[in-house]
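This is input-v9.cif. It holds mmCIF, C-alpha atoms.
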data_target
#
loop_
_atom_site.label_atom_id
_atom_site.label_comp_id
_atom_site.auth_asym_id
_atom_site.auth_seq_id
_atom_site.Cartn_x
_atom_site.Cartn_y
_atom_site.Cartn_z
CA MET A 166 -18.46 11.68 -6.62
CA ASP A 167 -15.15 10.22 -7.80
CA LYS A 168 -15.70 8.97 -11.37
CA VAL A 169 -12.62 6.74 -11.27
CA ARG A 170 -13.85 4.84 -8.21
CA GLU A 171 -17.32 4.72 -9.77
CA LEU A 172 -15.91 2.93 -12.81
CA ALA A 173 -14.14 0.43 -10.53
CA LEU A 174 -17.44 -0.15 -8.75
CA LYS A 175 -19.24 -0.85 -12.02
CA VAL A 176 -16.65 -3.46 -12.94
CA LEU A 177 -16.95 -5.15 -9.54
CA TYR A 178 -20.75 -5.13 -9.80
CA ASP A 179 -20.54 -6.77 -13.24
CA ILE A 180 -18.20 -9.44 -11.88
CA ASP A 181 -20.39 -10.10 -8.85
CA LYS A 182 -23.86 -9.88 -10.40
CA ASN A 183 -23.25 -11.20 -13.91
CA GLU A 184 -20.41 -13.62 -13.10
CA ALA A 185 -18.16 -11.80 -15.57
CA TYR A 186 -14.42 -12.44 -15.58
CA SER A 187 -12.46 -9.54 -14.12
CA ASN A 188 -10.19 -8.93 -17.12
CA ILE A 189 -13.11 -8.97 -19.59
CA ALA A 190 -15.35 -6.78 -17.40
CA LEU A 191 -12.51 -4.31 -16.81
CA ASP A 192 -11.60 -4.06 -20.50
CA GLU A 193 -15.23 -3.53 -21.51
CA THR A 194 -15.87 -0.83 -18.90
CA LEU A 195 -12.71 1.06 -19.86
CA LYS A 196 -13.63 0.81 -23.55
CA GLN A 197 -17.09 2.24 -22.88
CA ALA A 198 -15.60 4.99 -20.71
CA ARG A 199 -13.30 6.07 -23.54
CA LYS A 200 -16.22 6.13 -25.99
CA SER A 201 -18.19 8.41 -23.68
CA SER A 202 -15.26 10.87 -23.64
CA LYS A 203 -14.29 10.28 -20.03
CA ASN A 204 -10.75 11.58 -19.67
CA LEU A 205 -8.84 8.65 -18.25
CA ASP A 206 -5.08 8.86 -18.00
CA ALA A 207 -2.68 6.00 -17.27
CA ARG A 208 -2.80 6.75 -13.54
CA ASP A 209 -6.62 6.50 -13.49
CA ILE A 210 -6.57 3.21 -15.38
CA GLY A 211 -3.89 1.88 -13.03
CA PHE A 212 -5.98 2.80 -9.96
CA ILE A 213 -9.14 1.21 -11.39
CA SER A 214 -7.21 -1.97 -12.20
CA GLU A 215 -5.65 -1.99 -8.73
CA ILE A 216 -9.05 -1.82 -7.04
CA VAL A 217 -10.67 -4.42 -9.29
CA TYR A 218 -7.93 -7.05 -9.11
CA GLY A 219 -7.30 -6.30 -5.45
CA CYS A 220 -10.93 -6.82 -4.50
CA VAL A 221 -11.22 -10.03 -6.55
CA THR A 222 -7.97 -11.42 -5.12
CA TRP A 223 -8.77 -10.58 -1.50
CA LYS A 224 -12.53 -11.14 -1.56
CA LEU A 225 -12.62 -13.85 1.13
CA THR A 226 -10.50 -11.81 3.54
CA ILE A 227 -12.41 -8.59 2.92
CA ASP A 228 -15.75 -10.34 3.41
CA GLU A 229 -14.53 -11.72 6.74
CA ILE A 230 -13.83 -8.14 7.84
CA ILE A 231 -17.30 -7.06 6.70
CA LYS A 232 -18.84 -9.90 8.72
CA LYS A 233 -17.03 -8.64 11.81
CA TYR A 234 -18.86 -5.29 11.74
CA SER A 235 -22.05 -5.80 9.74
CA THR A 236 -25.32 -6.62 11.46
CA ILE A 237 -26.66 -7.69 8.05
CA LYS A 238 -25.54 -10.98 6.52
CA ILE A 239 -23.46 -10.56 3.37
CA LYS A 240 -26.03 -12.37 1.20
CA LYS A 241 -28.63 -9.80 2.25
CA ILE A 242 -26.53 -6.74 1.39
CA SER A 243 -27.29 -5.09 -1.95
CA PRO A 244 -24.60 -6.00 -4.56
CA TRP A 245 -23.88 -2.29 -5.10
CA ILE A 246 -23.40 -1.60 -1.39
CA LEU A 247 -21.44 -4.81 -0.82
CA ASN A 248 -18.96 -3.91 -3.56
CA ILE A 249 -18.67 -0.34 -2.26
CA LEU A 250 -17.70 -1.84 1.10
CA ARG A 251 -15.24 -4.24 -0.53
CA MET A 252 -13.45 -1.61 -2.58
CA SER A 253 -13.31 0.84 0.32
CA ILE A 254 -11.98 -1.77 2.74
CA TYR A 255 -9.38 -2.85 0.18
CA GLN A 256 -8.11 0.72 0.00
CA ILE A 257 -8.01 1.14 3.78
CA VAL A 258 -6.36 -2.19 4.59
CA PHE A 259 -4.14 -2.92 1.59
CA LEU A 260 -3.27 0.42 -0.06
CA ASP A 261 -0.89 2.51 2.02
CA LYS A 262 -0.98 5.48 -0.35
CA VAL A 263 -4.75 6.04 -0.03
CA PRO A 264 -5.76 8.05 3.06
CA LYS A 265 -8.48 6.37 5.08
CA SER A 266 -10.54 9.56 5.02
CA ALA A 267 -10.59 9.52 1.19
CA ALA A 268 -11.63 5.86 1.06
CA VAL A 269 -14.41 6.42 3.61
CA ASN A 270 -15.75 9.64 2.10
CA GLU A 271 -15.79 8.35 -1.46
CA GLY A 272 -17.38 5.09 -0.32
CA VAL A 273 -20.16 7.02 1.42
CA ASN A 274 -20.67 9.21 -1.66
CA LEU A 275 -21.02 6.15 -3.87
CA ALA A 276 -23.48 4.61 -1.39
CA LYS A 277 -25.64 7.76 -1.55
CA HIS A 278 -25.81 7.44 -5.32
CA TYR A 279 -26.25 3.65 -5.58
CA GLY A 280 -28.31 3.11 -2.45
CA HIS A 281 -30.37 5.29 -0.14
CA LYS A 282 -29.77 7.28 3.03
CA ALA A 283 -29.81 4.19 5.23
CA SER A 284 -27.27 2.57 2.91
CA SER A 285 -24.85 5.47 3.15
CA ASN A 286 -25.20 5.51 6.96
CA PHE A 287 -24.56 1.75 7.00
CA VAL A 288 -21.44 2.11 4.84
CA ASN A 289 -20.18 5.06 6.90
CA ALA A 290 -20.66 3.20 10.20
CA ILE A 291 -18.69 0.16 9.01
CA LEU A 292 -15.86 1.95 7.21
CA ARG A 293 -15.05 4.25 10.12
CA LYS A 294 -14.36 1.17 12.28
CA ILE A 295 -11.97 -0.44 9.80
CA ASP A 296 -8.18 -0.31 10.06
CA LYS A 297 -5.23 -2.52 9.16
CA ASN A 298 -5.46 -4.34 12.49
CA ASP A 299 -8.61 -6.06 11.22
CA TYR A 300 -6.41 -7.96 8.78
CA ASP A 301 -3.50 -8.46 11.18
CA GLU A 302 -5.80 -10.19 13.67
CA PHE A 303 -6.25 -13.12 11.27
CA PHE A 304 -2.61 -14.09 11.80
CA GLU A 305 -3.45 -14.89 15.43
CA ILE A 306 -5.90 -17.66 14.47
CA GLU A 307 -4.68 -20.95 15.99
CA ASP A 308 -6.19 -23.33 13.44
CA ASP A 309 -3.64 -23.53 10.62
CA LYS A 310 -6.04 -24.01 7.73
CA GLU A 311 -8.38 -21.24 8.88
CA ARG A 312 -5.43 -18.88 9.42
CA ILE A 313 -4.04 -19.54 5.94
CA SER A 314 -7.46 -19.18 4.36
CA LYS A 315 -8.20 -15.80 5.95
CA THR A 316 -4.71 -14.30 5.65
CA THR A 317 -4.24 -15.32 1.99
CA SER A 318 -7.87 -15.23 0.82
CA MET A 319 -7.77 -18.86 -0.26
CA PRO A 320 -10.80 -21.20 -0.20
CA LEU A 321 -10.43 -24.06 2.26
CA TRP A 322 -11.01 -26.74 -0.38
CA ILE A 323 -7.89 -25.64 -2.30
CA ILE A 324 -5.86 -25.68 0.92
CA ASP A 325 -7.11 -29.22 1.63
CA GLU A 326 -6.09 -30.37 -1.85
CA LEU A 327 -2.64 -28.82 -1.57
CA LEU A 328 -2.11 -30.47 1.82
CA LYS A 329 -2.33 -33.90 0.14
CA ASP A 330 1.12 -33.33 -1.34
CA ASN A 331 2.69 -30.58 0.80
CA SER A 332 3.36 -29.63 4.42
CA ILE A 333 1.32 -26.89 6.09
CA GLU A 334 4.33 -24.54 5.81
CA GLU A 335 4.65 -25.24 2.08
CA VAL A 336 0.92 -24.70 1.53
CA GLU A 337 1.03 -21.37 3.33
CA LYS A 338 3.90 -20.26 1.08
CA ILE A 339 2.04 -21.38 -2.07
CA CYS A 340 -1.06 -19.44 -1.00
CA LYS A 341 0.95 -16.30 -0.22
CA ASN A 342 2.76 -16.48 -3.55
CA SER A 343 -0.55 -16.89 -5.37
CA ASN A 344 -1.34 -13.27 -4.42
CA LEU A 345 1.90 -11.76 -5.75
CA ARG A 346 1.79 -9.42 -8.72
CA PRO A 347 2.60 -11.38 -11.88
CA LYS A 348 5.46 -10.33 -14.10
CA LEU A 349 4.76 -9.30 -17.66
CA ASN A 350 6.84 -11.20 -20.19
CA LEU A 351 7.25 -10.89 -23.90
CA ARG A 352 8.76 -13.45 -26.24
CA ILE A 353 11.14 -12.32 -28.95
CA ASN A 354 10.11 -13.64 -32.36
CA THR A 355 13.46 -14.68 -33.78
CA LEU A 356 11.83 -15.37 -37.14
CA LYS A 357 11.56 -11.59 -37.61
CA THR A 358 14.13 -9.94 -35.36
CA ASN A 359 16.80 -10.53 -32.74
CA LYS A 360 17.12 -9.61 -29.07
CA GLN A 361 19.43 -6.61 -29.47
CA THR A 362 17.34 -5.03 -32.24
CA LEU A 363 14.05 -5.50 -30.38
CA ILE A 364 15.43 -4.12 -27.10
CA LYS A 365 16.63 -1.03 -28.95
CA GLU A 366 13.20 -0.53 -30.57
CA LEU A 367 11.44 -0.91 -27.23
CA GLN A 368 13.83 1.53 -25.54
CA GLU A 369 13.01 4.08 -28.24
CA GLU A 370 9.35 3.68 -27.14
CA ASN A 371 10.43 4.25 -23.50
CA ILE A 372 9.69 0.62 -22.65
CA VAL A 373 12.01 -0.73 -19.94
CA VAL A 374 12.87 -4.41 -20.32
CA THR A 375 15.27 -6.81 -18.63
CA GLN A 376 16.38 -10.33 -19.53
CA GLY A 377 13.96 -13.07 -18.49
CA ILE A 378 14.77 -16.52 -17.16
CA LEU A 379 14.61 -18.03 -20.66
CA ASN A 380 16.78 -16.74 -23.48
CA ASP A 381 13.94 -15.70 -25.83
CA PHE A 382 12.00 -13.84 -23.11
CA LEU A 383 12.15 -10.33 -21.68
CA VAL A 384 10.54 -8.92 -18.53
CA VAL A 385 8.62 -5.69 -19.12
CA GLU A 386 8.66 -3.07 -16.37
CA GLY A 387 5.38 -1.22 -15.86
CA ALA A 388 4.33 -0.85 -19.51
CA LYS A 389 0.74 -1.10 -20.72
CA ASN A 390 -0.93 -1.43 -24.11
CA LEU A 391 2.02 -3.21 -25.69
CA GLU A 392 -0.35 -4.39 -28.45
CA ASN A 393 -0.42 -0.82 -29.77
CA LEU A 394 3.32 -0.77 -30.46
CA LYS A 395 4.49 -0.98 -34.07
CA SER A 396 6.95 -3.74 -33.16
CA PHE A 397 4.07 -5.86 -31.77
CA GLN A 398 1.87 -5.30 -34.80
CA GLU A 399 4.80 -6.22 -37.05
CA GLY A 400 5.11 -9.52 -35.19
CA LYS A 401 8.53 -8.93 -33.68
CA PHE A 402 7.32 -10.08 -30.27
CA THR A 403 4.32 -11.56 -28.57
CA ILE A 404 3.12 -11.40 -24.97
CA GLN A 405 3.66 -14.76 -23.30
CA ASP A 406 4.51 -15.94 -19.81
CA GLU A 407 7.85 -17.71 -19.48
CA THR A 408 6.29 -20.76 -17.88
CA ALA A 409 4.19 -21.20 -21.02
CA GLY A 410 7.35 -20.83 -23.11
CA LEU A 411 9.14 -23.56 -21.20
CA ILE A 412 6.66 -26.21 -22.39
CA PRO A 413 7.60 -26.08 -26.12
CA LEU A 414 11.27 -25.97 -25.15
CA ILE A 415 10.90 -29.24 -23.23
CA LEU A 416 9.05 -30.87 -26.16
CA ASN A 417 11.87 -29.53 -28.38
CA PRO A 418 10.38 -30.13 -31.86
CA LYS A 419 12.97 -30.35 -34.65
CA LYS A 420 13.02 -28.91 -38.15
CA GLY A 421 10.97 -31.03 -40.55
CA GLU A 422 9.02 -32.89 -37.85
CA LYS A 423 5.26 -33.40 -37.71
CA VAL A 424 3.81 -31.93 -34.50
CA LEU A 425 0.33 -31.89 -32.96
CA ASP A 426 -0.83 -29.17 -30.58
CA ALA A 427 -4.18 -30.61 -29.50
CA CYS A 428 -5.31 -27.73 -27.23
CA SER A 429 -3.67 -24.85 -29.03
CA SER A 430 -5.62 -21.62 -28.46
CA PRO A 431 -4.66 -18.79 -28.25
CA GLY A 432 -1.53 -19.94 -30.06
CA GLY A 433 1.42 -18.81 -27.96
CA LYS A 434 2.90 -22.29 -27.53
CA THR A 435 1.98 -23.27 -31.10
CA THR A 436 3.83 -20.34 -32.63
CA TYR A 437 6.80 -20.81 -30.31
CA MET A 438 7.13 -24.38 -31.56
CA ALA A 439 7.12 -23.03 -35.14
CA GLN A 440 9.84 -20.59 -34.09
CA ILE A 441 11.93 -23.37 -32.49
CA MET A 442 11.53 -25.39 -35.73
CA ASN A 443 12.67 -22.34 -37.74
CA ASN A 444 9.32 -22.46 -39.56
CA ASP A 445 10.25 -25.79 -41.17
CA GLY A 446 7.97 -28.80 -40.71
CA GLU A 447 4.28 -29.28 -40.00
CA ILE A 448 2.21 -28.27 -36.96
CA ILE A 449 -1.44 -29.27 -36.71
CA ALA A 450 -3.24 -27.03 -34.20
CA TRP A 451 -6.62 -28.01 -32.75
CA ASP A 452 -9.22 -26.31 -30.66
CA ILE A 453 -12.83 -27.20 -30.05
CA HIS A 454 -14.28 -23.76 -30.91
CA GLN A 455 -13.99 -21.87 -34.19
CA HIS A 456 -13.46 -18.48 -32.52
CA ARG A 457 -10.57 -19.90 -30.53
CA VAL A 458 -9.02 -21.43 -33.63
CA LYS A 459 -9.24 -17.96 -35.18
CA LEU A 460 -7.05 -16.65 -32.33
CA VAL A 461 -4.35 -19.17 -33.28
CA GLU A 462 -4.62 -18.20 -36.95
CA ASP A 463 -4.35 -14.49 -36.16
CA THR A 464 -1.32 -15.01 -33.91
CA ALA A 465 0.40 -17.19 -36.51
CA LYS A 466 -0.24 -14.64 -39.25
CA ARG A 467 1.11 -11.73 -37.19
CA LEU A 468 4.24 -13.66 -36.21
CA GLY A 469 4.88 -14.84 -39.77
CA THR A 470 4.70 -18.61 -39.24
CA SER A 471 3.55 -20.63 -42.25
CA ILE A 472 3.77 -24.24 -41.01
CA ILE A 473 0.71 -24.14 -38.72
CA LYS A 474 -2.49 -25.72 -40.01
CA THR A 475 -5.55 -25.18 -37.79
CA GLU A 476 -8.51 -27.50 -37.39
CA VAL A 477 -11.68 -27.23 -35.31
CA LYS A 478 -11.46 -30.49 -33.43
CA ASP A 479 -12.56 -32.10 -30.18
CA ALA A 480 -9.40 -33.73 -28.82
CA THR A 481 -11.42 -36.35 -26.92
CA LEU A 482 -12.71 -37.87 -30.20
CA LEU A 483 -10.54 -40.23 -32.23
CA GLU A 484 -9.25 -39.01 -35.61
CA GLU A 485 -8.15 -42.19 -37.40
CA LYS A 486 -6.21 -40.45 -40.19
CA TYR A 487 -3.66 -39.27 -37.61
CA LEU A 488 -2.98 -42.65 -35.93
CA GLY A 489 0.81 -42.98 -35.53
CA TYR A 490 1.35 -39.82 -37.59
CA PHE A 491 3.16 -37.34 -35.33
CA ASP A 492 6.77 -37.15 -34.17
CA LYS A 493 5.88 -34.86 -31.25
CA ILE A 494 2.64 -34.02 -29.46
CA LEU A 495 1.90 -31.16 -27.08
CA LEU A 496 -1.05 -31.58 -24.69
CA ASP A 497 -1.45 -28.41 -22.67
CA VAL A 498 -4.81 -29.62 -21.46
CA PRO A 499 -7.72 -27.71 -19.91
CA CYS A 500 -7.33 -27.58 -16.13
CA LEU A 501 -8.60 -25.84 -13.00
CA GLY A 502 -5.80 -23.27 -13.30
CA ILE A 503 -4.89 -23.18 -9.60
CA GLY A 504 -1.30 -22.36 -10.56
CA VAL A 505 -2.17 -19.05 -12.25
CA LEU A 506 -4.23 -17.34 -9.54
CA LYS A 507 -1.85 -14.37 -9.70
CA ARG A 508 -3.19 -13.65 -13.19
CA LYS A 509 -6.69 -15.07 -12.85
CA PRO A 510 -7.90 -14.64 -9.25
CA ASP A 511 -11.50 -15.25 -10.38
CA ILE A 512 -10.68 -18.97 -10.52
CA LYS A 513 -10.75 -19.14 -6.71
CA TRP A 514 -14.42 -18.16 -6.66
CA LYS A 515 -15.62 -19.87 -9.84
CA LYS A 516 -14.21 -23.36 -9.22
CA GLU A 517 -15.33 -25.88 -6.61
CA LYS A 518 -13.90 -29.15 -5.35
CA GLU A 519 -16.55 -30.99 -7.36
CA ASP A 520 -15.02 -29.61 -10.57
CA LEU A 521 -11.83 -31.60 -9.95
CA GLU A 522 -13.36 -34.97 -10.83
CA GLU A 523 -14.92 -33.61 -14.02
CA ILE A 524 -11.74 -31.92 -15.28
CA THR A 525 -9.54 -34.96 -14.62
CA LYS A 526 -11.92 -37.14 -16.65
CA LEU A 527 -11.56 -34.71 -19.57
CA GLN A 528 -7.76 -34.62 -19.21
CA GLU A 529 -7.62 -38.41 -19.14
CA LYS A 530 -9.74 -38.68 -22.31
CA ILE A 531 -7.53 -36.22 -24.18
CA LEU A 532 -4.33 -38.00 -23.12
CA ASN A 533 -5.65 -41.47 -23.97
CA GLN A 534 -6.90 -40.45 -27.42
CA CYS A 535 -4.06 -38.18 -28.49
CA SER A 536 -1.33 -40.60 -27.41
CA LYS A 537 -2.56 -42.86 -30.23
CA TYR A 538 -1.39 -40.31 -32.78
CA LEU A 539 2.25 -40.60 -31.72
CA LYS A 540 4.78 -42.51 -33.80
CA GLU A 541 6.90 -45.21 -32.19
CA GLY A 542 9.90 -43.45 -30.70
CA GLY A 543 7.92 -40.20 -30.56
CA GLU A 544 7.59 -37.87 -27.57
CA LEU A 545 4.59 -36.28 -25.91
CA VAL A 546 4.54 -33.46 -23.37
CA TYR A 547 1.57 -33.26 -20.97
CA SER A 548 1.21 -29.97 -19.13
CA THR A 549 -1.23 -27.97 -17.02
CA CYS A 550 -1.24 -24.61 -15.26
CA SER A 551 -2.58 -26.41 -12.20
CA ILE A 552 -0.73 -27.58 -9.09
CA LEU A 553 -3.12 -30.26 -7.84
CA PRO A 554 -1.72 -33.82 -7.96
CA GLU A 555 -4.95 -35.35 -9.34
CA GLU A 556 -4.58 -33.32 -12.53
CA ASN A 557 -0.89 -34.00 -12.88
CA GLU A 558 1.31 -36.67 -11.35
CA ILE A 559 -1.51 -39.04 -10.36
CA LEU A 560 -3.08 -38.85 -13.83
CA ILE A 561 0.22 -39.49 -15.63
CA GLU A 562 1.12 -42.45 -13.42
CA LYS A 563 -2.31 -43.95 -14.09
CA PHE A 564 -1.78 -43.52 -17.85
CA ILE A 565 1.64 -45.23 -17.74
CA GLU A 566 0.21 -48.15 -15.74
CA SER A 567 -2.45 -48.67 -18.42
CA ASN A 568 -0.14 -48.17 -21.42
CA SER A 569 2.95 -50.34 -21.21
CA ASN A 570 4.24 -49.02 -24.55
CA PHE A 571 4.80 -45.59 -22.94
CA GLU A 572 7.37 -44.52 -20.38
CA ILE A 573 8.11 -41.29 -18.56
CA GLU A 574 11.18 -39.58 -19.95
CA GLU A 575 13.62 -37.67 -17.79
CA ILE A 576 13.49 -33.91 -18.33
CA LYS A 577 16.97 -32.76 -19.32
CA ASN A 578 18.75 -29.64 -20.48
CA ILE A 579 16.43 -27.09 -18.91
CA ASN A 580 17.31 -23.71 -17.45
CA LYS A 581 19.03 -23.88 -14.05
CA PHE A 582 16.20 -21.91 -12.43
CA PHE A 583 13.73 -24.70 -13.21
CA GLN A 584 16.01 -27.65 -12.41
CA LYS A 585 15.30 -27.33 -8.68
CA PHE A 586 11.59 -28.02 -9.33
CA ILE A 587 12.10 -31.46 -10.88
CA LYS A 588 10.28 -34.03 -8.77
CA LYS A 589 11.27 -37.70 -8.56
CA GLY A 590 13.63 -37.01 -11.47
CA GLN A 591 10.62 -37.11 -13.80
CA PHE A 592 8.04 -34.40 -13.23
CA LEU A 593 8.52 -30.66 -13.39
CA GLN A 594 6.17 -29.36 -10.68
CA VAL A 595 6.54 -25.64 -10.13
CA TYR A 596 4.53 -23.89 -7.45
CA PRO A 597 3.78 -20.14 -7.64
CA ASN A 598 6.85 -18.14 -6.68
CA GLU A 599 8.22 -14.63 -7.03
CA GLU A 600 9.38 -15.28 -10.59
CA THR A 601 6.74 -17.53 -12.17
CA ASP A 602 3.27 -19.02 -11.99
CA GLY A 603 2.63 -22.59 -10.94
CA PHE A 604 2.53 -25.36 -13.54
CA PHE A 605 3.23 -29.03 -14.26
CA ILE A 606 5.13 -30.61 -17.16
CA CYS A 607 5.80 -34.28 -17.90
CA LYS A 608 7.43 -35.78 -21.00
CA VAL A 609 6.55 -39.32 -22.10
CA HIS A 610 8.14 -41.50 -24.77
CA LYS A 611 6.46 -44.12 -26.97
CA LYS A 612 8.64 -47.22 -27.06
CA GLN A 613 9.82 -48.83 -30.27
CA GLU A 614 8.31 -52.27 -30.79
CA LYS A 615 10.93 -54.99 -30.85
CA ALA A 616 11.35 -56.72 -34.20
#

Would you give me this structure, written as structure tokens?
Amino acid sequence: MDKVRELALKVLYDIDKNEAYSNIALDETLKQARKSSKNLDARDIGFISEIVYGCVTWKLTIDEIIKKYSTIKIKKISPWILNILRMSIYQIVFLDKVPKSAAVNEGVNLAKHYGHKASSNFVNAILRKIDKNDYDEFFEIEDDKERISKTTSMPLWIIDELLKDNSIEEVEKICKNSNLRPKLNLRINTLKTNKQTLIKELQEENIVVTQGILNDFLVVEGAKNLENLKSFQEGKFTIQDETAGLIPLILNPKKGEKVLDACSSPGGKTTYMAQIMNNDGEIIAWDIHQHRVKLVEDTAKRLGTSIIKTEVKDATLLEEKYLGYFDKILLDVPCLGIGVLKRKPDIKWKKEKEDLEEITKLQEKILNQCSKYLKEGGELVYSTCSILPEENEILIEKFIESNSNFEIEEIKNINKFFQKFIKKGQFLQVYPNEETDGFFICKVHKKQEKA
């Protein structure tokens, strides 16, 4: 029995049975495998990761294929056998380099070990019928929403929400792009090094990098375990997506200013603001949980920023001592995360339409409370990694209608790549594309009271 595929199966079982997140379940399984002296090389780890993320990403589509051939309803299939089918079908349909015979044989072997004779016969009977045409047939579905759902593995409720603000062609493109492989970015910490020096150090470690969209960011080609590099541990760079880096750039905090990051963990945006400010000023960083605040503290310490003060704080509750205190405020609020499905495909299966109303209430509370901490003439950036209008444009417009002392500020001086995503001249609404995740950014200004 193939031990590498067995490890992938254990991760998928943990995700399915215990509702674990794929990245956490994968990391834990690999850690335990190393402790038990299993010899895993980079190729093995890559294959395990491919199967796990592939199966999570394409779960809806794969399950539709299972339904086509199984006489047993999916809910009645043992979790072990169901995940053996999923991982085997993923290999047959989506991985060109894996021979069908290998996927079938190893799937049957796993079924013998994790099921019984009838289970292995059941798995064998289904897998031998599968080929790539089973996926291609979904493109012939006449109903647009059903076709998009089954060809992109996207829940119908998300498609319905996206259709409120986009054409069917645009929604199909968004859903396709949500399955692309995300790029790995790192941010150069200019407080400790410069671009040329860091690139040279990375090249000496055989790390291939190219320039990112934003000046302080590099794209990493195929490297893993960057956290083990000396240059990472010395704080010369941090791992951060460019879309996350754009948010502090739009807020543009200046040296000496007082800044609030009300939803700061794990600290990437917080420390980038400190970097933009040349470590001169004051940043108050909040999060609701102590362990998440610790992440911000650890990141700040590694990157050598000294102006960040952390506090365990619920951003929905008023803190009177900060009324009118801050020059700039960053609200990268909790959201459904529909814009980052490339990185977190679990979201598709863990979130429901009913969650939308609850999350927008939380976002509204945070915005209403934290806006009170802004000085007259100050600026606030509201952002999410979601692409649903209720969490973004609709919520901001509602806030402006209820707060006449605030106005939406035009987003200026941003990278040319992002200029094309500015909507109505006010909102930066980026949908998932080949270069970036999806996200929303809006900048608001607190008016000066007339004397």

Point to revise | Distance query 12 Å from (-2.1, 3.0, -3.3) using all atoms listed in the file, result as a PyMOL selection string | key: chain A and resi 208-209+211-216+219+253+255-265+267-268

Exercise for review: Mind checking which residues fall within 8 Å of Glu575 of chain A, counting all atoms listed in the file, ignoring those fewer than 4 positions away in the same chain, and posting them as a list of chain:residue names?
Suggested key: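 Here the answer would be A:Gly590, A:Gln591, A:Phe592, A:Lys608.
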
Residue selection dump (C-alpha atoms) as a PDB file, keeping the file's coordinate frame:
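To be explicit, this is the file written out as part.pdb:
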ATOM      1  CA  GLY A 590      13.630 -37.010 -11.470  1.00  0.00           C
ATOM      2  CA  GLN A 591      10.620 -37.110 -13.800  1.00  0.00           C
ATOM      3  CA  PHE A 592       8.040 -34.400 -13.230  1.00  0.00           C
ATOM      4  CA  LYS A 608       7.430 -35.780 -21.000  1.00  0.00           C
TER       5      LYS A 608
END

With only C-alpha atoms as the counted atoms, please give the residues lying no more than 12 Å from Phe287 of chain A, apart from itself and same-chain residues fewer than 2 positions off, as a compact mmCIF listing (two decimals) with C-alpha atoms, keeping the file's coordinate frame.
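And here's result.txt as it stands now:
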# COMPACT_ATOMS: atom_id res chain seq x y z
CA ILE A 231 -17.30 -7.06 6.70
CA TYR A 234 -18.86 -5.29 11.74
CA SER A 235 -22.05 -5.80 9.74
CA THR A 236 -25.32 -6.62 11.46
CA ILE A 237 -26.66 -7.69 8.05
CA ILE A 242 -26.53 -6.74 1.39
CA SER A 243 -27.29 -5.09 -1.95
CA ILE A 246 -23.40 -1.60 -1.39
CA LEU A 247 -21.44 -4.81 -0.82
CA ILE A 249 -18.67 -0.34 -2.26
CA LEU A 250 -17.70 -1.84 1.10
CA VAL A 269 -14.41 6.42 3.61
CA GLY A 272 -17.38 5.09 -0.32
CA VAL A 273 -20.16 7.02 1.42
CA ALA A 276 -23.48 4.61 -1.39
CA LYS A 277 -25.64 7.76 -1.55
CA GLY A 280 -28.31 3.11 -2.45
CA HIS A 281 -30.37 5.29 -0.14
CA LYS A 282 -29.77 7.28 3.03
CA ALA A 283 -29.81 4.19 5.23
CA SER A 284 -27.27 2.57 2.91
CA SER A 285 -24.85 5.47 3.15
CA ASN A 289 -20.18 5.06 6.90
CA ALA A 290 -20.66 3.20 10.20
CA ILE A 291 -18.69 0.16 9.01
CA LEU A 292 -15.86 1.95 7.21
CA ARG A 293 -15.05 4.25 10.12
CA LYS A 294 -14.36 1.17 12.28

Exercise for review: Given the file shown, enumerate the residues that the PyMOL selection byres ((chain A and resi 398-401) around 7) captures and present them as a list in words.
Suggested key: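 Against this file, the PyMOL selection byres ((chain A and resi 398-401) around 7) returns the residues Ile353, Asn354, Lys357, Thr358, Glu392, Leu394, Lys395, Ser396, Phe397, Phe402, Thr403, Arg467 and Leu468 of chain A.
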
Expected file contents, prior selection, C-alpha atoms, as a PDB file, in the coordinates of the input:
ATOM      1  CA  ILE A 353      11.140 -12.320 -28.950  1.00  0.00           C
ATOM      2  CA  ASN A 354      10.110 -13.640 -32.360  1.00  0.00           C
ATOM      3  CA  LYS A 357      11.560 -11.590 -37.610  1.00  0.00           C
ATOM      4  CA  THR A 358      14.130  -9.940 -35.360  1.00  0.00           C
ATOM      5  CA  GLU A 392      -0.350  -4.390 -28.450  1.00  0.00           C
ATOM      6  CA  LEU A 394       3.320  -0.770 -30.460  1.00  0.00           C
ATOM      7  CA  LYS A 395       4.490  -0.980 -34.070  1.00  0.00           C
ATOM      8  CA  SER A 396       6.950  -3.740 -33.160  1.00  0.00           C
ATOM      9  CA  PHE A 397       4.070  -5.860 -31.770  1.00  0.00           C
ATOM     10  CA  PHE A 402       7.320 -10.080 -30.270  1.00  0.00           C
ATOM     11  CA  THR A 403       4.320 -11.560 -28.570  1.00  0.00           C
ATOM     12  CA  ARG A 467       1.110 -11.730 -37.190  1.00  0.00           C
ATOM     13  CA  LEU A 468       4.240 -13.660 -36.210  1.00  0.00           C
TER      14      LEU A 468
END

Point to revise | Residues near segment 332-343 of chain A, cut-off 8 Å, all atoms listed in the file, skip fewer than 4 positions along chain, as number ranges by chain | key: A: 309, 313, 317, 319, 324, 327-328, 504-507, 596-599, 602

Practice item. Carefully work through the PyMOL selection byres ((chain A and resi 422-430) around 8) for this structure and note down the residues it includes, as a ChimeraX atom specification. Key: /A:418-421,431-435,445-452,457-458,460-461,480,490-499,535

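Of the listed residues A:Asn248, A:Lys612, A:Thr470, A:Leu177, the one whose atoms come nearest to Asn444 of chain A is A:Thr470, with distances taken using only C-alpha atoms.
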